[in-house]
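So this one's input-v7.cif, mmCIF, C-alpha atoms:
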data_work
#
loop_
_atom_site.group_PDB
_atom_site.id
_atom_site.type_symbol
_atom_site.label_atom_id
_atom_site.label_comp_id
_atom_site.auth_asym_id
_atom_site.auth_seq_id
_atom_site.Cartn_x
_atom_site.Cartn_y
_atom_site.Cartn_z
ATOM 1 C CA MET N 280 -2.867 -80.466 -33.060
ATOM 2 C CA PHE N 281 0.766 -80.343 -31.889
ATOM 3 C CA LEU N 282 -0.326 -79.665 -28.304
ATOM 4 C CA ASP N 283 -2.777 -82.572 -28.447
ATOM 5 C CA LEU N 284 0.090 -84.817 -29.579
ATOM 6 C CA LEU N 285 2.232 -83.690 -26.629
ATOM 7 C CA ILE N 286 -0.670 -84.275 -24.236
ATOM 8 C CA ALA N 287 -1.139 -87.750 -25.717
ATOM 9 C CA ILE N 288 2.549 -88.593 -25.131
ATOM 10 C CA PHE N 289 2.278 -87.266 -21.571
ATOM 11 C CA PHE N 290 -0.771 -89.417 -20.786
ATOM 12 C CA PHE N 291 0.785 -92.420 -22.540
ATOM 13 C CA LEU N 292 3.665 -92.094 -20.059
ATOM 14 C CA VAL N 293 1.125 -91.758 -17.229
ATOM 15 C CA GLY N 294 -0.419 -95.068 -18.334
ATOM 16 C CA LEU N 295 2.992 -96.758 -18.343
ATOM 17 C CA GLU N 296 3.789 -95.390 -14.871
ATOM 18 C CA ILE N 297 0.436 -96.508 -13.476
ATOM 19 C CA LYS N 298 1.010 -100.028 -14.781
ATOM 20 C CA ALA N 299 4.527 -100.123 -13.332
ATOM 21 C CA GLY N 300 3.368 -98.721 -9.995
ATOM 22 C CA LEU N 301 0.525 -101.206 -9.603
ATOM 23 C CA ARG N 302 2.942 -104.147 -9.783
ATOM 24 C CA ASP N 303 4.055 -103.310 -6.264
ATOM 25 C CA ALA N 304 0.645 -102.353 -4.858
ATOM 26 C CA ARG N 305 1.042 -104.306 -1.606
ATOM 27 C CA THR N 306 3.925 -102.162 -0.400
ATOM 28 C CA ALA N 307 2.267 -99.042 -1.801
ATOM 29 C CA ILE N 308 -0.959 -99.204 0.212
ATOM 30 C CA VAL N 309 -0.205 -96.160 2.415
ATOM 31 C CA PRO N 310 0.597 -93.731 -0.428
ATOM 32 C CA ILE N 311 -2.321 -95.094 -2.467
ATOM 33 C CA VAL N 312 -4.758 -94.509 0.410
ATOM 34 C CA ALA N 313 -3.131 -91.117 1.006
ATOM 35 C CA ALA N 314 -3.707 -90.258 -2.660
ATOM 36 C CA VAL N 315 -7.421 -90.960 -2.246
ATOM 37 C CA GLY N 316 -7.568 -88.596 0.735
ATOM 38 C CA GLY N 317 -5.572 -86.040 -1.216
ATOM 39 C CA MET N 318 -8.212 -86.032 -3.928
ATOM 40 C CA ILE N 319 -11.438 -86.310 -1.950
ATOM 41 C CA THR N 320 -10.624 -83.572 0.568
ATOM 42 C CA PRO N 321 -9.723 -80.817 -1.952
ATOM 43 C CA ALA N 322 -12.784 -81.687 -4.041
ATOM 44 C CA VAL N 323 -15.059 -81.463 -0.984
ATOM 45 C CA ILE N 324 -13.495 -78.177 0.154
ATOM 46 C CA PHE N 325 -13.832 -76.717 -3.342
ATOM 47 C CA LEU N 326 -17.509 -77.691 -3.577
ATOM 48 C CA LEU N 327 -18.192 -76.279 -0.121
ATOM 49 C CA LEU N 328 -16.681 -72.968 -1.222
ATOM 50 C CA SER N 329 -18.157 -73.048 -4.740
ATOM 51 C CA PRO N 330 -21.351 -75.141 -4.600
ATOM 52 C CA GLY N 331 -22.480 -76.507 -7.957
ATOM 53 C CA SER N 332 -19.300 -75.547 -9.818
ATOM 54 C CA HIS N 333 -18.478 -77.801 -12.760
ATOM 55 C CA VAL N 334 -14.686 -77.516 -12.366
ATOM 56 C CA TRP N 335 -14.258 -79.202 -8.971
ATOM 57 C CA ALA N 336 -12.076 -81.993 -10.389
ATOM 58 C CA SER N 337 -9.346 -79.452 -11.190
ATOM 59 C CA ALA N 338 -8.663 -79.256 -7.466
ATOM 60 C CA MET N 339 -7.702 -82.939 -7.286
ATOM 61 C CA PRO N 340 -4.623 -83.961 -9.377
ATOM 62 C CA THR N 341 -1.015 -83.865 -8.195
ATOM 63 C CA ASP N 342 1.740 -82.968 -10.669
ATOM 64 C CA ILE N 343 4.438 -85.676 -10.703
ATOM 65 C CA ALA N 344 7.024 -83.640 -12.593
ATOM 66 C CA LEU N 345 6.708 -80.458 -10.549
ATOM 67 C CA ALA N 346 6.597 -82.182 -7.145
ATOM 68 C CA LEU N 347 9.588 -84.392 -7.944
ATOM 69 C CA GLY N 348 11.371 -81.354 -9.377
ATOM 70 C CA VAL N 349 11.084 -79.471 -6.085
ATOM 71 C CA LEU N 350 12.069 -82.612 -4.191
ATOM 72 C CA SER N 351 15.215 -82.935 -6.306
ATOM 73 C CA LEU N 352 16.309 -79.472 -5.158
ATOM 74 C CA LEU N 353 16.643 -80.877 -1.649
ATOM 75 C CA GLY N 354 19.188 -83.472 -2.772
ATOM 76 C CA LYS N 355 20.407 -85.663 0.085
ATOM 77 C CA ARG N 356 18.690 -83.557 2.726
ATOM 78 C CA VAL N 357 15.628 -85.805 2.695
ATOM 79 C CA ASN N 358 14.983 -89.501 3.286
ATOM 80 C CA VAL N 359 15.434 -91.430 0.022
ATOM 81 C CA ASN N 360 12.088 -93.168 0.686
ATOM 82 C CA ILE N 361 10.279 -89.834 0.406
ATOM 83 C CA ARG N 362 10.739 -89.811 -3.372
ATOM 84 C CA LEU N 363 9.304 -93.344 -3.669
ATOM 85 C CA PHE N 364 6.307 -92.409 -1.485
ATOM 86 C CA LEU N 365 5.661 -89.246 -3.532
ATOM 87 C CA LEU N 366 6.028 -91.067 -6.845
ATOM 88 C CA THR N 367 3.623 -93.832 -5.778
ATOM 89 C CA LEU N 368 1.125 -91.278 -4.470
ATOM 90 C CA ALA N 369 1.300 -89.248 -7.679
ATOM 91 C CA ILE N 370 0.888 -92.337 -9.878
ATOM 92 C CA ALA N 371 -2.174 -93.427 -7.890
ATOM 93 C CA ASP N 372 -3.433 -89.843 -8.089
ATOM 94 C CA ASP N 373 -3.132 -89.895 -11.895
ATOM 95 C CA LEU N 374 -5.013 -93.192 -12.081
ATOM 96 C CA PHE N 375 -7.879 -91.906 -9.945
ATOM 97 C CA SER N 376 -7.937 -88.591 -11.860
ATOM 98 C CA LEU N 377 -8.415 -90.476 -15.129
ATOM 99 C CA ILE N 378 -11.220 -92.500 -13.560
ATOM 100 C CA VAL N 379 -12.907 -89.305 -12.345
ATOM 101 C CA LEU N 380 -12.477 -87.723 -15.779
ATOM 102 C CA GLY N 381 -14.073 -90.708 -17.476
ATOM 103 C CA ILE N 382 -16.966 -91.143 -15.029
ATOM 104 C CA PHE N 383 -17.984 -87.559 -14.291
ATOM 105 C CA TYR N 384 -16.899 -85.730 -17.449
ATOM 106 C CA GLY N 385 -17.194 -88.334 -20.174
ATOM 107 C CA ASP N 386 -19.955 -86.375 -21.905
ATOM 108 C CA ASP N 387 -17.767 -83.249 -21.982
ATOM 109 C CA LEU N 388 -14.859 -84.964 -23.724
ATOM 110 C CA HIS N 389 -14.442 -84.050 -27.384
ATOM 111 C CA PRO N 390 -13.335 -87.174 -29.337
ATOM 112 C CA ALA N 391 -9.862 -85.684 -29.902
ATOM 113 C CA LYS N 392 -9.499 -84.830 -26.206
ATOM 114 C CA ALA N 393 -10.693 -88.285 -25.199
ATOM 115 C CA LEU N 394 -8.112 -89.883 -27.493
ATOM 116 C CA SER N 395 -5.228 -87.711 -26.258
ATOM 117 C CA THR N 396 -6.039 -88.229 -22.562
ATOM 118 C CA LEU N 397 -7.952 -91.368 -21.593
ATOM 119 C CA GLY N 398 -7.117 -93.158 -24.848
ATOM 120 C CA ALA N 399 -3.381 -92.493 -24.643
ATOM 121 C CA ALA N 400 -3.255 -93.509 -20.965
ATOM 122 C CA ALA N 401 -5.177 -96.704 -21.724
ATOM 123 C CA ILE N 402 -2.718 -97.598 -24.507
ATOM 124 C CA GLY N 403 0.229 -97.016 -22.153
ATOM 125 C CA PHE N 404 -1.416 -99.139 -19.481
ATOM 126 C CA MET N 405 -2.415 -102.035 -21.752
ATOM 127 C CA LEU N 406 0.696 -102.138 -23.932
ATOM 128 C CA PRO N 407 2.061 -105.710 -23.637
ATOM 129 C CA LEU N 408 5.561 -104.861 -22.464
ATOM 130 C CA GLY N 409 7.790 -106.759 -20.078
ATOM 131 C CA THR N 410 9.079 -105.110 -16.916
ATOM 132 C CA HIS N 411 12.467 -104.350 -18.487
ATOM 133 C CA GLN N 412 10.955 -102.946 -21.689
ATOM 134 C CA ALA N 413 8.452 -100.793 -19.794
ATOM 135 C CA SER N 414 11.158 -99.458 -17.483
ATOM 136 C CA LYS N 415 13.358 -98.590 -20.459
ATOM 137 C CA LEU N 416 10.505 -96.765 -22.226
ATOM 138 C CA ILE N 417 9.624 -94.864 -19.039
ATOM 139 C CA LYS N 418 13.291 -93.903 -18.637
ATOM 140 C CA ILE N 419 13.350 -92.545 -22.195
ATOM 141 C CA LEU N 420 10.054 -90.658 -22.034
ATOM 142 C CA THR N 421 10.369 -89.205 -18.510
ATOM 143 C CA PRO N 422 12.984 -86.528 -19.347
ATOM 144 C CA VAL N 423 11.113 -85.702 -22.569
ATOM 145 C CA SER N 424 7.955 -85.198 -20.519
ATOM 146 C CA THR N 425 9.632 -83.338 -17.655
ATOM 147 C CA TYR N 426 11.828 -80.976 -19.629
ATOM 148 C CA PHE N 427 9.862 -80.497 -22.840
ATOM 149 C CA ILE N 428 6.208 -81.544 -22.751
ATOM 150 C CA VAL N 429 5.272 -80.322 -19.245
ATOM 151 C CA PRO N 430 6.874 -76.861 -19.697
ATOM 152 C CA ILE N 431 5.020 -76.391 -23.000
ATOM 153 C CA ILE N 432 1.662 -77.448 -21.531
ATOM 154 C CA VAL N 433 2.198 -75.166 -18.551
ATOM 155 C CA ALA N 434 3.437 -72.242 -20.668
ATOM 156 C CA THR N 435 0.462 -72.409 -23.042
ATOM 157 C CA ASN N 436 -1.883 -72.221 -20.050
ATOM 158 C CA ILE N 437 -0.293 -69.238 -18.271
ATOM 159 C CA PRO N 438 -3.076 -66.645 -17.928
ATOM 160 C CA PHE N 439 -1.063 -63.642 -19.218
ATOM 161 C CA ASN N 440 -4.095 -61.458 -19.898
ATOM 162 C CA ILE N 441 -5.863 -62.265 -16.663
ATOM 163 C CA ASP N 442 -8.412 -59.780 -15.374
ATOM 164 C CA LEU N 443 -7.331 -58.411 -11.988
ATOM 165 C CA SER N 444 -10.800 -59.184 -10.653
ATOM 166 C CA SER N 445 -10.031 -62.879 -11.126
ATOM 167 C CA PHE N 446 -7.636 -62.749 -8.172
ATOM 168 C CA GLY N 447 -10.627 -62.276 -5.911
ATOM 169 C CA SER N 448 -13.038 -64.551 -7.772
ATOM 170 C CA ARG N 449 -14.716 -67.383 -5.900
ATOM 171 C CA THR N 450 -13.396 -69.993 -8.318
ATOM 172 C CA THR N 451 -9.773 -68.854 -8.011
ATOM 173 C CA LEU N 452 -9.871 -68.604 -4.220
ATOM 174 C CA SER N 453 -11.631 -71.967 -3.955
ATOM 175 C CA ILE N 454 -8.931 -73.656 -6.034
ATOM 176 C CA VAL N 455 -6.128 -72.080 -3.978
ATOM 177 C CA ILE N 456 -7.669 -73.013 -0.618
ATOM 178 C CA ALA N 457 -8.787 -76.488 -1.724
ATOM 179 C CA ARG N 458 -5.374 -77.406 -3.095
ATOM 180 C CA SER N 459 -3.050 -75.636 -0.645
ATOM 181 C CA ILE N 460 -4.923 -76.760 2.475
ATOM 182 C CA GLY N 461 -7.029 -79.702 1.294
ATOM 183 C CA LYS N 462 -4.063 -81.708 0.006
ATOM 184 C CA ILE N 463 -2.265 -81.377 3.350
ATOM 185 C CA ILE N 464 -5.307 -82.400 5.394
ATOM 186 C CA GLY N 465 -6.436 -85.216 3.089
ATOM 187 C CA ILE N 466 -3.087 -86.905 2.455
ATOM 188 C CA THR N 467 -1.834 -86.609 6.027
ATOM 189 C CA LEU N 468 -5.101 -87.762 7.609
ATOM 190 C CA PHE N 469 -5.666 -90.728 5.299
ATOM 191 C CA ALA N 470 -2.028 -91.835 5.581
ATOM 192 C CA TRP N 471 -2.232 -91.628 9.390
ATOM 193 C CA LEU N 472 -5.454 -93.666 9.445
ATOM 194 C CA CYS N 473 -3.963 -96.272 7.091
ATOM 195 C CA ILE N 474 -0.873 -96.636 9.292
ATOM 196 C CA LYS N 475 -3.047 -96.962 12.396
ATOM 197 C CA LEU N 476 -4.960 -99.751 10.663
ATOM 198 C CA GLY N 477 -1.788 -101.684 9.869
ATOM 199 C CA GLY N 478 -0.265 -100.009 6.825
ATOM 200 C CA ARG N 479 3.509 -99.752 6.800
ATOM 201 C CA THR N 480 5.811 -96.971 5.640
ATOM 202 C CA ASN N 481 9.500 -96.156 5.933
ATOM 203 C CA ILE N 482 9.071 -92.426 6.439
ATOM 204 C CA LEU N 483 7.923 -90.200 9.293
ATOM 205 C CA MET N 484 4.505 -88.548 9.523
ATOM 206 C CA LYS N 485 6.323 -85.187 9.374
ATOM 207 C CA GLU N 486 7.745 -86.242 6.022
ATOM 208 C CA ILE N 487 4.329 -87.358 4.804
ATOM 209 C CA THR N 488 3.014 -83.898 5.709
ATOM 210 C CA GLY N 489 5.832 -82.395 3.621
ATOM 211 C CA ILE N 490 4.863 -84.608 0.687
ATOM 212 C CA ALA N 491 1.235 -83.586 1.185
ATOM 213 C CA THR N 492 2.277 -79.953 0.980
ATOM 214 C CA LEU N 493 4.171 -80.521 -2.274
ATOM 215 C CA ALA N 494 1.139 -82.378 -3.647
ATOM 216 C CA GLY N 495 -0.674 -79.045 -3.796
ATOM 217 C CA MET N 496 1.342 -78.474 -6.969
ATOM 218 C CA GLY N 497 -1.069 -79.588 -9.656
ATOM 219 C CA LEU N 498 -0.712 -78.111 -13.111
ATOM 220 C CA THR N 499 -0.395 -80.574 -16.007
ATOM 221 C CA VAL N 500 -3.327 -82.967 -15.461
ATOM 222 C CA ALA N 501 -5.339 -80.289 -13.624
ATOM 223 C CA LEU N 502 -4.899 -77.855 -16.540
ATOM 224 C CA VAL N 503 -6.008 -80.495 -19.040
ATOM 225 C CA ILE N 504 -9.089 -81.246 -16.928
ATOM 226 C CA ALA N 505 -9.848 -77.524 -16.568
ATOM 227 C CA ASP N 506 -9.651 -77.048 -20.334
ATOM 228 C CA ILE N 507 -12.164 -79.867 -20.792
ATOM 229 C CA VAL N 508 -14.697 -78.958 -18.101
ATOM 230 C CA ALA N 509 -14.657 -75.143 -17.855
ATOM 231 C CA THR N 510 -17.890 -73.636 -19.129
ATOM 232 C CA SER N 511 -16.378 -70.313 -20.262
ATOM 233 C CA ASP N 512 -13.047 -68.641 -21.015
ATOM 234 C CA THR N 513 -13.439 -66.520 -17.908
ATOM 235 C CA GLU N 514 -13.938 -69.554 -15.685
ATOM 236 C CA LEU N 515 -10.997 -71.319 -17.358
ATOM 237 C CA ASP N 516 -8.719 -68.339 -16.661
ATOM 238 C CA GLN N 517 -9.869 -68.269 -13.033
ATOM 239 C CA VAL N 518 -9.073 -71.971 -12.604
ATOM 240 C CA ARG N 519 -5.696 -71.533 -14.298
ATOM 241 C CA LEU N 520 -4.848 -68.625 -12.005
ATOM 242 C CA GLY N 521 -5.849 -70.626 -8.931
ATOM 243 C CA LEU N 522 -3.726 -73.573 -10.044
ATOM 244 C CA PHE N 523 -0.650 -71.408 -10.632
ATOM 245 C CA ILE N 524 -1.005 -69.608 -7.300
ATOM 246 C CA SER N 525 -1.514 -72.837 -5.342
ATOM 247 C CA ALA N 526 1.429 -74.467 -7.156
ATOM 248 C CA ILE N 527 3.726 -71.616 -6.099
ATOM 249 C CA ILE N 528 2.465 -71.661 -2.508
ATOM 250 C CA SER N 529 2.667 -75.458 -2.223
ATOM 251 C CA GLY N 530 6.075 -75.697 -3.864
ATOM 252 C CA ILE N 531 7.677 -73.111 -1.579
ATOM 253 C CA ALA N 532 5.938 -74.386 1.568
ATOM 254 C CA GLY N 533 6.761 -78.034 0.800
ATOM 255 C CA TYR N 534 10.405 -77.233 0.106
ATOM 256 C CA ILE N 535 10.779 -75.306 3.367
ATOM 257 C CA TRP N 536 8.957 -77.996 5.374
ATOM 258 C CA LEU N 537 11.039 -80.903 4.063
ATOM 259 C CA ARG N 538 14.271 -78.910 4.268
ATOM 260 C CA ARG N 539 13.629 -78.421 7.995
ATOM 261 C CA THR N 540 12.528 -82.014 8.611
ATOM 262 C CA PRO N 541 15.324 -84.437 9.608
ATOM 263 C CA ALA N 542 15.364 -87.751 7.759
ATOM 264 C CA ALA N 543 14.082 -90.868 9.525
#

Using the file provided, produce a representation of the structure as structure tokens.
Amino acid sequence: MFLDLLIAIFFFLVGLEIKAGLRDARTAIVPIVAAVGGMITPAVIFLLLSPGSHVWASAMPTDIALALGVLSLLGKRVNVNIRLFLLTLAIADDLFSLIVLGIFYGDDLHPAKALSTLGAAAIGFMLPLGTHQASKLIKILTPVSTYFIVPIIVATNIPFNIDLSSFGSRTTLSIVIARSIGKIIGITLFAWLCIKLGGRTNILMKEITGIATLAGMGLTVALVIADIVATSDTELDQVRLGLFISAIISGIAGYIWLRRTPAA
């Protein structure tokens, strides 16, 4: 019950952030399109590696808190516009993840889970707040989410008693490959195509590739989706393991890439 309450607060904040992000959609077209590529490509790669698997959507979400956390470690080494691009991409990613959850997994949602995920996000999105009020609420809830809620959700999903055979399972390997490689290919390719077609951005393609690498870090929303759609405890543990491994790989690789990339 307590965990469901924390998840509800997290998704309520997601709804607020989506609403705030959509107000500036015209200037956000490149990261929004990139987010679409960063979701489609991992999902396709996962299904190619694990045909018919019910947990493919776990390969799609990007974790705002974790990605921004790694980015903050770089300080002034990176272009200030990188954070804005990543935040916009992650917000769009959350929106599309909720849509996917509702369309493809609506029948799997227990009423309590539906209320704490889609319901809470919908309330955050539809709450009649002015720009100043919404910004103030987001400012209050963001540190609570980042430093309290997200760590608890992640900690409760750490597969401590994982079977060693899970490291070589198809589901685990599919998640790792789909996220670690698929995010890079999808985000970079779709962003490049959008720019070629007239989209504008204030950062370099090398920096977008770095963001795409960090986007492979997907725990919070991906773990919630996995808990909803996994058909067994074994499969759930395999997905969790894949998500943790890909988050570590993506976080380290993204940090190194952006650290070595000069700002525009």

Next on the checklist: Between CA of Leu377 in chain N and CA of Ile504 in chain N, what is the distance in Å, rounded to a tenth?
Outcome noted: 9.4 Å

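Closest approach to Ser529 in chain N among N:Met405, N:Val379, N:Ala346, N:Leu416: N:Ala346, based on only C-alpha atoms.
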
Item to check | One-decimal distance in Å that lies between CA of Val334 in chain N and CA of Tyr384 in chain N | outcome: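 Those two atoms sit 9.9 Å apart.
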
Checklist entry - Which residue gives the smallest distance to Ile507 in chain N among N:Leu380, N:Leu483, N:Val315, N:Leu406, with only C-alpha atoms counted? => result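 That would be N:Leu380, the residue with the smallest distance to Ile507 in chain N.
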
Item to check | Top pick for closest residue to Ala287 in chain N, considering N:Ile428, N:Val359, N:Ile311, N:Ala434 and counting only C-alpha atoms | outcome: N:Ile428

Next on the checklist: Nearest residue to Ala509 in chain N out of N:Ser337, N:Thr451, N:Thr540, N:Asn360, using all atoms listed in the file?
Outcome noted: N:Ser337

Next on the checklist: Translate the PyMOL selection byres ((chain N and resi 492) around 10) into a concrete residue list for this structure, as an MDAnalysis selection string.
Outcome noted: chainID N and resid 346 458:464 466:467 486:491 493:496 526 528:537

Item to check | Selection dump of the PyMOL selection byres ((chain N and resi 432) around 9), as JSON, numbers by chain | outcome: {"N": [282, 285, 286, 427, 428, 429, 430, 431, 433, 434, 435, 436, 498, 499, 502, 503]}

Next on the checklist: Can you translate the PyMOL selection byres ((chain N and resi 362) around 12) into the concrete residues it hits in this file, as a PyMOL selection string?
Outcome noted: chain N and resi 310+343-344+346-361+363-369+481-482+486-487+489-490+493+537

Output for the residues just chosen: C-alpha atoms as a PDB file, in the coordinates of the input:
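out_24.pdb written:
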ATOM      1  CA  PRO N 310       0.597 -93.731  -0.428  1.00  0.00           C
ATOM      2  CA  ILE N 343       4.438 -85.676 -10.703  1.00  0.00           C
ATOM      3  CA  ALA N 344       7.024 -83.640 -12.593  1.00  0.00           C
ATOM      4  CA  ALA N 346       6.597 -82.182  -7.145  1.00  0.00           C
ATOM      5  CA  LEU N 347       9.588 -84.392  -7.944  1.00  0.00           C
ATOM      6  CA  GLY N 348      11.371 -81.354  -9.377  1.00  0.00           C
ATOM      7  CA  VAL N 349      11.084 -79.471  -6.085  1.00  0.00           C
ATOM      8  CA  LEU N 350      12.069 -82.612  -4.191  1.00  0.00           C
ATOM      9  CA  SER N 351      15.215 -82.935  -6.306  1.00  0.00           C
ATOM     10  CA  LEU N 352      16.309 -79.472  -5.158  1.00  0.00           C
ATOM     11  CA  LEU N 353      16.643 -80.877  -1.649  1.00  0.00           C
ATOM     12  CA  GLY N 354      19.188 -83.472  -2.772  1.00  0.00           C
ATOM     13  CA  LYS N 355      20.407 -85.663   0.085  1.00  0.00           C
ATOM     14  CA  ARG N 356      18.690 -83.557   2.726  1.00  0.00           C
ATOM     15  CA  VAL N 357      15.628 -85.805   2.695  1.00  0.00           C
ATOM     16  CA  ASN N 358      14.983 -89.501   3.286  1.00  0.00           C
ATOM     17  CA  VAL N 359      15.434 -91.430   0.022  1.00  0.00           C
ATOM     18  CA  ASN N 360      12.088 -93.168   0.686  1.00  0.00           C
ATOM     19  CA  ILE N 361      10.279 -89.834   0.406  1.00  0.00           C
ATOM     20  CA  LEU N 363       9.304 -93.344  -3.669  1.00  0.00           C
ATOM     21  CA  PHE N 364       6.307 -92.409  -1.485  1.00  0.00           C
ATOM     22  CA  LEU N 365       5.661 -89.246  -3.532  1.00  0.00           C
ATOM     23  CA  LEU N 366       6.028 -91.067  -6.845  1.00  0.00           C
ATOM     24  CA  THR N 367       3.623 -93.832  -5.778  1.00  0.00           C
ATOM     25  CA  LEU N 368       1.125 -91.278  -4.470  1.00  0.00           C
ATOM     26  CA  ALA N 369       1.300 -89.248  -7.679  1.00  0.00           C
ATOM     27  CA  ASN N 481       9.500 -96.156   5.933  1.00  0.00           C
ATOM     28  CA  ILE N 482       9.071 -92.426   6.439  1.00  0.00           C
ATOM     29  CA  GLU N 486       7.745 -86.242   6.022  1.00  0.00           C
ATOM     30  CA  ILE N 487       4.329 -87.358   4.804  1.00  0.00           C
ATOM     31  CA  GLY N 489       5.832 -82.395   3.621  1.00  0.00           C
ATOM     32  CA  ILE N 490       4.863 -84.608   0.687  1.00  0.00           C
ATOM     33  CA  LEU N 493       4.171 -80.521  -2.274  1.00  0.00           C
ATOM     34  CA  LEU N 537      11.039 -80.903   4.063  1.00  0.00           C
TER      35      LEU N 537
END

Checklist outcome for this item: CA of Lys415 in chain N sits from CA of Ser376 in chain N at a separation of 25.0 Å

Next on the checklist: For a quick check of understanding, using all atoms listed in the file, which of N:Gln517, N:Ser424, N:Gly316, N:Cys473 has the smallest distance to Leu345 in chain N?
Outcome noted: N:Ser424

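When all atoms listed in the file are used to compute distances to Ser332 in chain N, the closest of the residues N:Leu468, N:Ala307, N:Ala299, N:Ile454 turns out to be N:Ile454.
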